[in-house]
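Asker: Okay, handing you the structure first.
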Amino acid sequence: MTDEIVVIPGDGIGQEVVPAAVRVLDAVGEFEFVEAEAGDRVKEETGEALPQETYDLAASADATLFGAAGETAADVILPLRRAVDSYVNVRPAKAYPGVDALRPETDLVFLRENTEGVYAGHEDRLSDDLSTLTRVVTDSASRRLAEFACEFADGGDHDGFTVAHKANVMRETDGRFREAVLSVADERGVDTDEVLMDAFATRICLDPTQFDVVVCPNLAGDVLSDLAAGLVGGLGLLPSANVGPERALFEPVHGTAPDIAGEGVANPAATLFSAAMLLDHLGHVEAGENVQAAVERVLEDGPRTPDLGGDASTEDVTSAVVERL
Ligand code: NAI
Ligand code: MG
């Protein structure tokens with residue numbers, strides 16, 4: 001049976017890097033691609049950033065590949081993550097040979113809580129002067145994330161995981177998160193350590209080799225993984241997987257890059273690495289490894305896009321990857 005992959009390019013460079021990934025997927029297997037719309041453009045046309053049809057497609061597909069949405073990002077990606085019941089966002093941040101990185105020794109994987117925290121959507125304007133946000137932390141979501149982290153740490157070449165939190169200040173919410181995650185790891189016999197997330201930000205800049213798998217709350221994972229992107233050569237390199245119990249949605253960590261959108265020079269690597277994760281998720285492990293390796297080889301040998309100091313186009317890089325395959 002052919003796997004069905006829903007593709008949602010979205011806005012800006014999403015329209016450039018997602019077609020690049022489709023080309024690469026086409027080169028390694030037989031897939032049925034179903035294209036769907038979301039983002040600023042479709043909102044302008046229809047009044048809705050995420051049409052019900054797109055939501056329903058993502059909710060029933062084997063896997064979804066998403067590019068990025070602009071101003072409407074929160075209206076698109078948060079419901080899409082819910083559509084696949086994604087409780088963890090897997091964000092590898094790795095430096096690659098040939099890419100000029102601030103910290104070439106970086107090799108981290110962030111496992112970010114993906115359903116709650118300060119992104120749960122409970123914000124209120126109470127007066128002209130006062131706005132509030134309610135942070136949501138549940139045992140169930142924290143434990144579900146921790147179960148995934150234990151399996152992830154056991155499954156790969158990892159020595160347990162680190163929990164990054166701020167339970168010294170957010171005693172109730174991060175206190176609960178910390179306790180739930182550590183107790184699951186303890187039950188499963190998985191090694192852990194913990195770090196306050198502000199200190200973590202300094203420590204990964206000074207010496208990222210102190211860390212490997214990092215489990216963190218939603219906002220912290222968002223910010224810290226972007227920080228790690230800076231250490232490895234930029235946002236053009238970071239893929240991610242929004243994993244649920246059955247389905248998953250793959251997307252580059254970056255946004256629509258309005259400063260370069262339409263110029264055909266976006267780095268497709270983040271989306272191609274996301275496609276490699278998608279292949280792995282669908283059980284095409286070897287194809288996933290091949291795509292990962294081909295992109296790494298092209299990063300090393302060139303051609304490279306301008307964000308990495310080169311002058312190649314998205315298409316040049318994609319063609320080089322397809323040739324390697
Ligand atoms: P951004 O990730 O779009 O861009 C930040 C910087 O990184 C820019 O200088 C951009 O040119 C560069 N960059 C990003 N991806 C690149 C790539 N593949 N190749 C080369 N350079 C790349 O973040 P920014 O500027 O904060 O946000 C722009 C828009 O994207 C906003 O409207 C924001 O809401 C949206 N956004 C959407 C996300 C999503 O849909 N998941 C995630 C983050 C931002
Ligand atoms: Mg982000």
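Every chain in the structure tokens has a letter given in the order shown (A, B, ...), and although residue numbers restart at 1 in each chain, ligands are simply numbered from 1 in the order shown.
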Please identify every polymer residue within 12 Å of ligand 2, using only C-alpha atoms and all ligand atoms, and present the set as number ranges by chain.
Answerer: A: 68-70, 73-74, 77-78, 89, 91, 112, 114, 119, 218-229, 235, 238-240, 251-256
Asker: Mind writing the picked residues with C-alpha atoms as a PDB file, in the first residue's frame?
Answerer:
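selection-v4.pdb written:
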ATOM      1  CA  ALA A  68       5.515  27.436   7.738  1.00  0.00           C
ATOM      2  CA  ALA A  69       2.770  30.007   8.214  1.00  0.00           C
ATOM      3  CA  GLY A  70       3.332  33.730   8.695  1.00  0.00           C
ATOM      4  CA  ALA A  73       1.363  30.623  12.564  1.00  0.00           C
ATOM      5  CA  ALA A  74      -0.285  30.069  15.963  1.00  0.00           C
ATOM      6  CA  ILE A  77       0.412  25.003  13.755  1.00  0.00           C
ATOM      7  CA  LEU A  78      -1.167  24.685  17.206  1.00  0.00           C
ATOM      8  CA  ASN A  89       8.115  17.888  19.471  1.00  0.00           C
ATOM      9  CA  ARG A  91      14.045  18.797  17.577  1.00  0.00           C
ATOM     10  CA  ARG A 112       9.674  19.564  23.875  1.00  0.00           C
ATOM     11  CA  ASN A 114       3.870  20.043  22.770  1.00  0.00           C
ATOM     12  CA  TYR A 119       1.082  27.845  24.756  1.00  0.00           C
ATOM     13  CA  ASN A 218       6.779  23.944  25.668  1.00  0.00           C
ATOM     14  CA  LEU A 219       8.060  27.550  25.554  1.00  0.00           C
ATOM     15  CA  ALA A 220      11.498  26.579  26.869  1.00  0.00           C
ATOM     16  CA  GLY A 221      11.836  24.012  24.092  1.00  0.00           C
ATOM     17  CA  ASP A 222      10.845  26.577  21.500  1.00  0.00           C
ATOM     18  CA  VAL A 223      13.396  29.155  22.650  1.00  0.00           C
ATOM     19  CA  LEU A 224      16.254  26.841  23.567  1.00  0.00           C
ATOM     20  CA  SER A 225      16.115  24.933  20.286  1.00  0.00           C
ATOM     21  CA  ASP A 226      16.305  28.219  18.333  1.00  0.00           C
ATOM     22  CA  LEU A 227      19.308  29.107  20.484  1.00  0.00           C
ATOM     23  CA  ALA A 228      20.858  25.770  19.561  1.00  0.00           C
ATOM     24  CA  ALA A 229      20.148  26.572  15.887  1.00  0.00           C
ATOM     25  CA  LEU A 235      17.601  27.967  11.356  1.00  0.00           C
ATOM     26  CA  LEU A 238      16.849  22.371  12.125  1.00  0.00           C
ATOM     27  CA  PRO A 239      14.105  19.810  11.428  1.00  0.00           C
ATOM     28  CA  SER A 240      11.351  18.742  13.771  1.00  0.00           C
ATOM     29  CA  GLU A 251       8.187  20.676   9.808  1.00  0.00           C
ATOM     30  CA  PRO A 252      11.332  22.758   9.758  1.00  0.00           C
ATOM     31  CA  VAL A 253      11.852  24.748  12.964  1.00  0.00           C
ATOM     32  CA  HIS A 254      12.106  27.972  10.964  1.00  0.00           C
ATOM     33  CA  GLY A 255       9.286  30.282   9.888  1.00  0.00           C
ATOM     34  CA  THR A 256       8.390  31.897   6.571  1.00  0.00           C
TER      35      THR A 256
END
Asker: Going by DSSP on the backbone, which bits of range 119-209 of chain A are helix (DSSP H, G or I)? Write them as a PyMOL selection string, please.
Answerer: chain A and resi 139-155+173-188+197-206+208-209
Asker: I want to know what sits within 10 Å of Val99 in chain A, based on only C-alpha atoms, with residues of the same chain fewer than 4 positions away left out; could you give that as a list in words?
Answerer: Ala95, Pro104, Val232, Gly233, Gly234, Leu237, Glu296, Leu299, Glu300, Asp301, Gly302, Arg304, Leu308 and Gly309 of chain A
Asker: When distances are computed from only C-alpha atoms, which of A:Gly117, A:Gly230, A:Gly288, A:Gly10 shows the smallest separation from Arg41 in chain A?
Answerer: A:Gly10
Asker: Using only C-alpha atoms for the distances, tell me which of A:Gly67, A:Ala20, A:Gly39, A:Gly283 is nearest to Val295 in chain A.
Answerer: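 Ranking A:Gly67, A:Ala20, A:Gly39, A:Gly283 by distance to Val295 in chain A, first place goes to A:Ala20.
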Asker: May I ask which of the residues A:Glu53, A:Asp75, A:Glu289, A:Asp207 is the closest one to ligand 1, counting only C-alpha atoms and all ligand atoms?
Answerer: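 That would be A:Asp75, the residue with the smallest distance to ligand 1.
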